[in-house]
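The structure appears right after this line, and notes come after that.
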Amino acid sequence: MHAEAGNGQYEMALGYTTCTYAANNLIFMRKVVRAIANKHGLLATFVPKYTLDDIGSGSHVHLSLWQNGQNVFQASDASSQHGMSKVGEELMAGVLDHLPSILAFTTPLSNSFFCLQL
């Protein structure tokens, strides 16, 4: 856990795991933080931008792609322009292609759009 850029904002980095466990861990962590904040008379909001005049942050995901214990997202040599393997490039092409649908889950609140730099 460490301070984020905005006033009163903190980042809690959760360890990597499978998608289902990661989602469960996120929900559990939010419930625990809300309960502890409530116990101390505080409010934990988890909104991406608390005030319009301050910098915002929000929940974000770091992607990796592994097969048989090997990182298959990263290029194994310097032949790639962006350091990604062919599989990594295909994964990112799929993310970009499906970005409008992904945004429905990653930016579910109108407040979320204040953090996007379009």
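Identifiers in this document derive from the order of the structure tokens: chains are assigned A, B, ..., residues are numbered from 1 separately in each chain, and ligands are numbered from 1 in order of occurrence.
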Near Thr106 in chain A, within 8 Å and counting only C-alpha atoms, which residues show up once chain neighbours fewer than 2 positions away are dropped, as a list in words?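 Final neighbour list, sorted by chain and number: Ser59, His60, Ile102, Leu103, Ala104 and Pro108 of chain A.
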Go through range 58-98 of chain A residue by residue and, counting only C-alpha atoms, keep those with an atom at most 12 Å from range 14-32 of chain A; for each kept residue give the shortest atom pair and its distance in Å to one decimal, ordered by chain and increasing number, as a tab-separated table.
```
residue	atom	partner	partner_atom	distance
A:Ser59	CA	A:Leu26	CA	9.5
A:His60	CA	A:Leu14	CA	10.9
A:Val61	CA	A:Tyr16	CA	9.8
A:His62	CA	A:Tyr16	CA	8.7
A:Leu63	CA	A:Tyr16	CA	9.3
A:Ser64	CA	A:Tyr16	CA	9.2
A:Leu65	CA	A:Thr18	CA	10.8
A:Trp66	CA	A:Thr18	CA	11.0
```
Students should find that CA of Gly88 in chain A and CA of Ala13 in chain A are spaced 23.2 Å
Long-range neighbours of Glu4 in chain A as a list in words, 10 Å cut-off, only C-alpha atoms, 3 positions minimum in chain: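 Skipping anything fewer than 3 positions along the chain leaves Met1, Asn7, Gly8, Gln9, Tyr10, Glu11, Met12, Ile55, Gly56, Ser57 and Gly58 of chain A.
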Please produce a file of the residues just selected, as a short mmCIF file (atom, residue, chain, number, x, y, z; two decimals), in the first residue's frame, where the atoms kept are all heavy atoms.
```cif
data_model
loop_
_atom_site.label_atom_id
_atom_site.label_comp_id
_atom_site.auth_asym_id
_atom_site.auth_seq_id
_atom_site.Cartn_x
_atom_site.Cartn_y
_atom_site.Cartn_z
N MET A 1 0.84 -1.17 0.00
CA MET A 1 0.00 0.00 0.00
C MET A 1 0.89 1.23 0.00
O MET A 1 1.88 1.29 0.72
CB MET A 1 -0.89 -0.01 1.25
CG MET A 1 -1.82 1.15 1.31
SD MET A 1 -2.95 0.94 2.70
CE MET A 1 -3.23 2.62 3.09
N ASN A 7 -4.97 13.76 -3.54
CA ASN A 7 -5.13 13.91 -2.10
C ASN A 7 -6.01 12.81 -1.53
O ASN A 7 -7.10 12.56 -2.03
CB ASN A 7 -5.75 15.27 -1.78
CG ASN A 7 -4.80 16.41 -2.03
OD1 ASN A 7 -3.60 16.27 -1.81
ND2 ASN A 7 -5.32 17.52 -2.50
N GLY A 8 -5.52 12.15 -0.49
CA GLY A 8 -6.30 11.11 0.19
C GLY A 8 -6.45 9.83 -0.59
O GLY A 8 -7.26 8.98 -0.23
N GLN A 9 -5.70 9.66 -1.67
CA GLN A 9 -5.80 8.44 -2.48
C GLN A 9 -4.62 7.52 -2.19
O GLN A 9 -3.49 7.96 -2.03
CB GLN A 9 -5.82 8.78 -3.97
CG GLN A 9 -7.03 9.56 -4.38
CD GLN A 9 -7.03 9.85 -5.88
OE1 GLN A 9 -6.19 9.36 -6.63
NE2 GLN A 9 -7.98 10.65 -6.30
N TYR A 10 -4.92 6.23 -2.13
CA TYR A 10 -3.90 5.22 -1.87
C TYR A 10 -4.06 4.08 -2.85
O TYR A 10 -5.15 3.79 -3.32
CB TYR A 10 -4.03 4.70 -0.44
CG TYR A 10 -3.74 5.77 0.59
CD1 TYR A 10 -4.74 6.59 1.06
CD2 TYR A 10 -2.43 5.98 1.02
CE1 TYR A 10 -4.47 7.59 1.98
CE2 TYR A 10 -2.15 6.98 1.93
CZ TYR A 10 -3.17 7.79 2.40
OH TYR A 10 -2.89 8.78 3.30
N GLU A 11 -2.95 3.45 -3.15
CA GLU A 11 -2.98 2.26 -4.01
C GLU A 11 -2.70 1.04 -3.16
O GLU A 11 -1.78 1.04 -2.34
CB GLU A 11 -1.93 2.35 -5.11
CG GLU A 11 -1.88 1.10 -5.97
CD GLU A 11 -0.96 1.21 -7.17
OE1 GLU A 11 -0.81 2.31 -7.71
OE2 GLU A 11 -0.41 0.17 -7.56
N MET A 12 -3.52 0.03 -3.36
CA MET A 12 -3.29 -1.25 -2.71
C MET A 12 -3.03 -2.27 -3.82
O MET A 12 -3.94 -2.60 -4.57
CB MET A 12 -4.50 -1.65 -1.88
CG MET A 12 -4.74 -0.69 -0.74
SD MET A 12 -5.84 -1.30 0.52
CE MET A 12 -4.98 -2.74 1.11
N ILE A 55 -6.24 15.53 -9.16
CA ILE A 55 -5.91 14.42 -10.06
C ILE A 55 -6.69 13.18 -9.62
O ILE A 55 -6.99 13.01 -8.45
CB ILE A 55 -4.38 14.16 -10.07
CG1 ILE A 55 -4.00 13.21 -11.19
CG2 ILE A 55 -3.90 13.65 -8.73
CD1 ILE A 55 -2.52 13.14 -11.44
N GLY A 56 -7.03 12.35 -10.56
CA GLY A 56 -7.77 11.13 -10.25
C GLY A 56 -6.94 9.89 -10.48
O GLY A 56 -5.89 9.91 -11.11
N SER A 57 -7.40 8.82 -9.95
CA SER A 57 -6.82 7.50 -10.20
C SER A 57 -7.95 6.50 -10.04
O SER A 57 -9.01 6.83 -9.57
CB SER A 57 -5.68 7.21 -9.22
OG SER A 57 -6.16 7.23 -7.90
N GLY A 58 -7.73 5.33 -10.43
CA GLY A 58 -8.79 4.33 -10.31
C GLY A 58 -8.20 2.94 -10.34
O GLY A 58 -7.00 2.75 -10.43
#
```
- Message: From a backbone DSSP assignment, name each residue in chain A labelled strand (DSSP E), as a VMD selection string.
- Response: chain A and resid 2 to 3 10 to 11 66 to 67 70 to 71
_What does the structure give for the distance between CA of Leu43 in chain A and CA of Gly6 in chain A, in Å to one decimal?_
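So the answer is 15.9 Å.
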Report task. Kindly give the distance, in Å, that separates CA of Ala93 in chain A and CA of Gln70 in chain A, rounded to a single decimal. Result ->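 Interatomic distance, CA of Ala93 in chain A to CA of Gln70 in chain A: 20.8 Å.
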TODO: Find the residues near Ala44 in chain A: any atom within 9 Å, counting only C-alpha atoms, skip ones fewer than 3 places away on the same chain, and give them as a PyMOL selection string.
DONE: chain A and resi 30+33-38+47
Next, the residues of the selection above should be written as a PDB file, in the first residue's frame with N, CA and C atoms.
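For reference, part-v3.pdb as written:
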```pdb
ATOM      1  N   ARG A  30     -11.951  -4.506  -0.925  1.00  0.00           N
ATOM      2  CA  ARG A  30     -12.803  -3.318  -0.813  1.00  0.00           C
ATOM      3  C   ARG A  30     -13.731  -3.412   0.403  1.00  0.00           C
ATOM      4  N   VAL A  33     -11.560  -2.802   3.549  1.00  0.00           N
ATOM      5  CA  VAL A  33     -11.179  -1.392   3.678  1.00  0.00           C
ATOM      6  C   VAL A  33     -12.381  -0.546   4.095  1.00  0.00           C
ATOM      7  N   ARG A  34     -13.534  -0.779   3.480  1.00  0.00           N
ATOM      8  CA  ARG A  34     -14.736  -0.028   3.865  1.00  0.00           C
ATOM      9  C   ARG A  34     -15.094  -0.270   5.330  1.00  0.00           C
ATOM     10  N   ALA A  35     -15.013  -1.522   5.786  1.00  0.00           N
ATOM     11  CA  ALA A  35     -15.353  -1.850   7.168  1.00  0.00           C
ATOM     12  C   ALA A  35     -14.390  -1.169   8.146  1.00  0.00           C
ATOM     13  N   ILE A  36     -13.096  -1.188   7.834  1.00  0.00           N
ATOM     14  CA  ILE A  36     -12.114  -0.551   8.716  1.00  0.00           C
ATOM     15  C   ILE A  36     -12.305   0.965   8.721  1.00  0.00           C
ATOM     16  N   ALA A  37     -12.520   1.558   7.558  1.00  0.00           N
ATOM     17  CA  ALA A  37     -12.763   3.001   7.481  1.00  0.00           C
ATOM     18  C   ALA A  37     -14.005   3.368   8.284  1.00  0.00           C
ATOM     19  N   ASN A  38     -15.078   2.611   8.110  1.00  0.00           N
ATOM     20  CA  ASN A  38     -16.326   2.855   8.823  1.00  0.00           C
ATOM     21  C   ASN A  38     -16.122   2.768  10.335  1.00  0.00           C
ATOM     22  N   VAL A  47     -13.974   5.777  -5.641  1.00  0.00           N
ATOM     23  CA  VAL A  47     -14.301   6.471  -6.885  1.00  0.00           C
ATOM     24  C   VAL A  47     -12.999   6.913  -7.536  1.00  0.00           C
TER      25      VAL A  47
END
```
Filtered DSSP result for chain A, state helix (DSSP H, G or I), as a VMD selection string:
chain A and resid 19 to 39 86 to 97 99 to 106 110 to 114
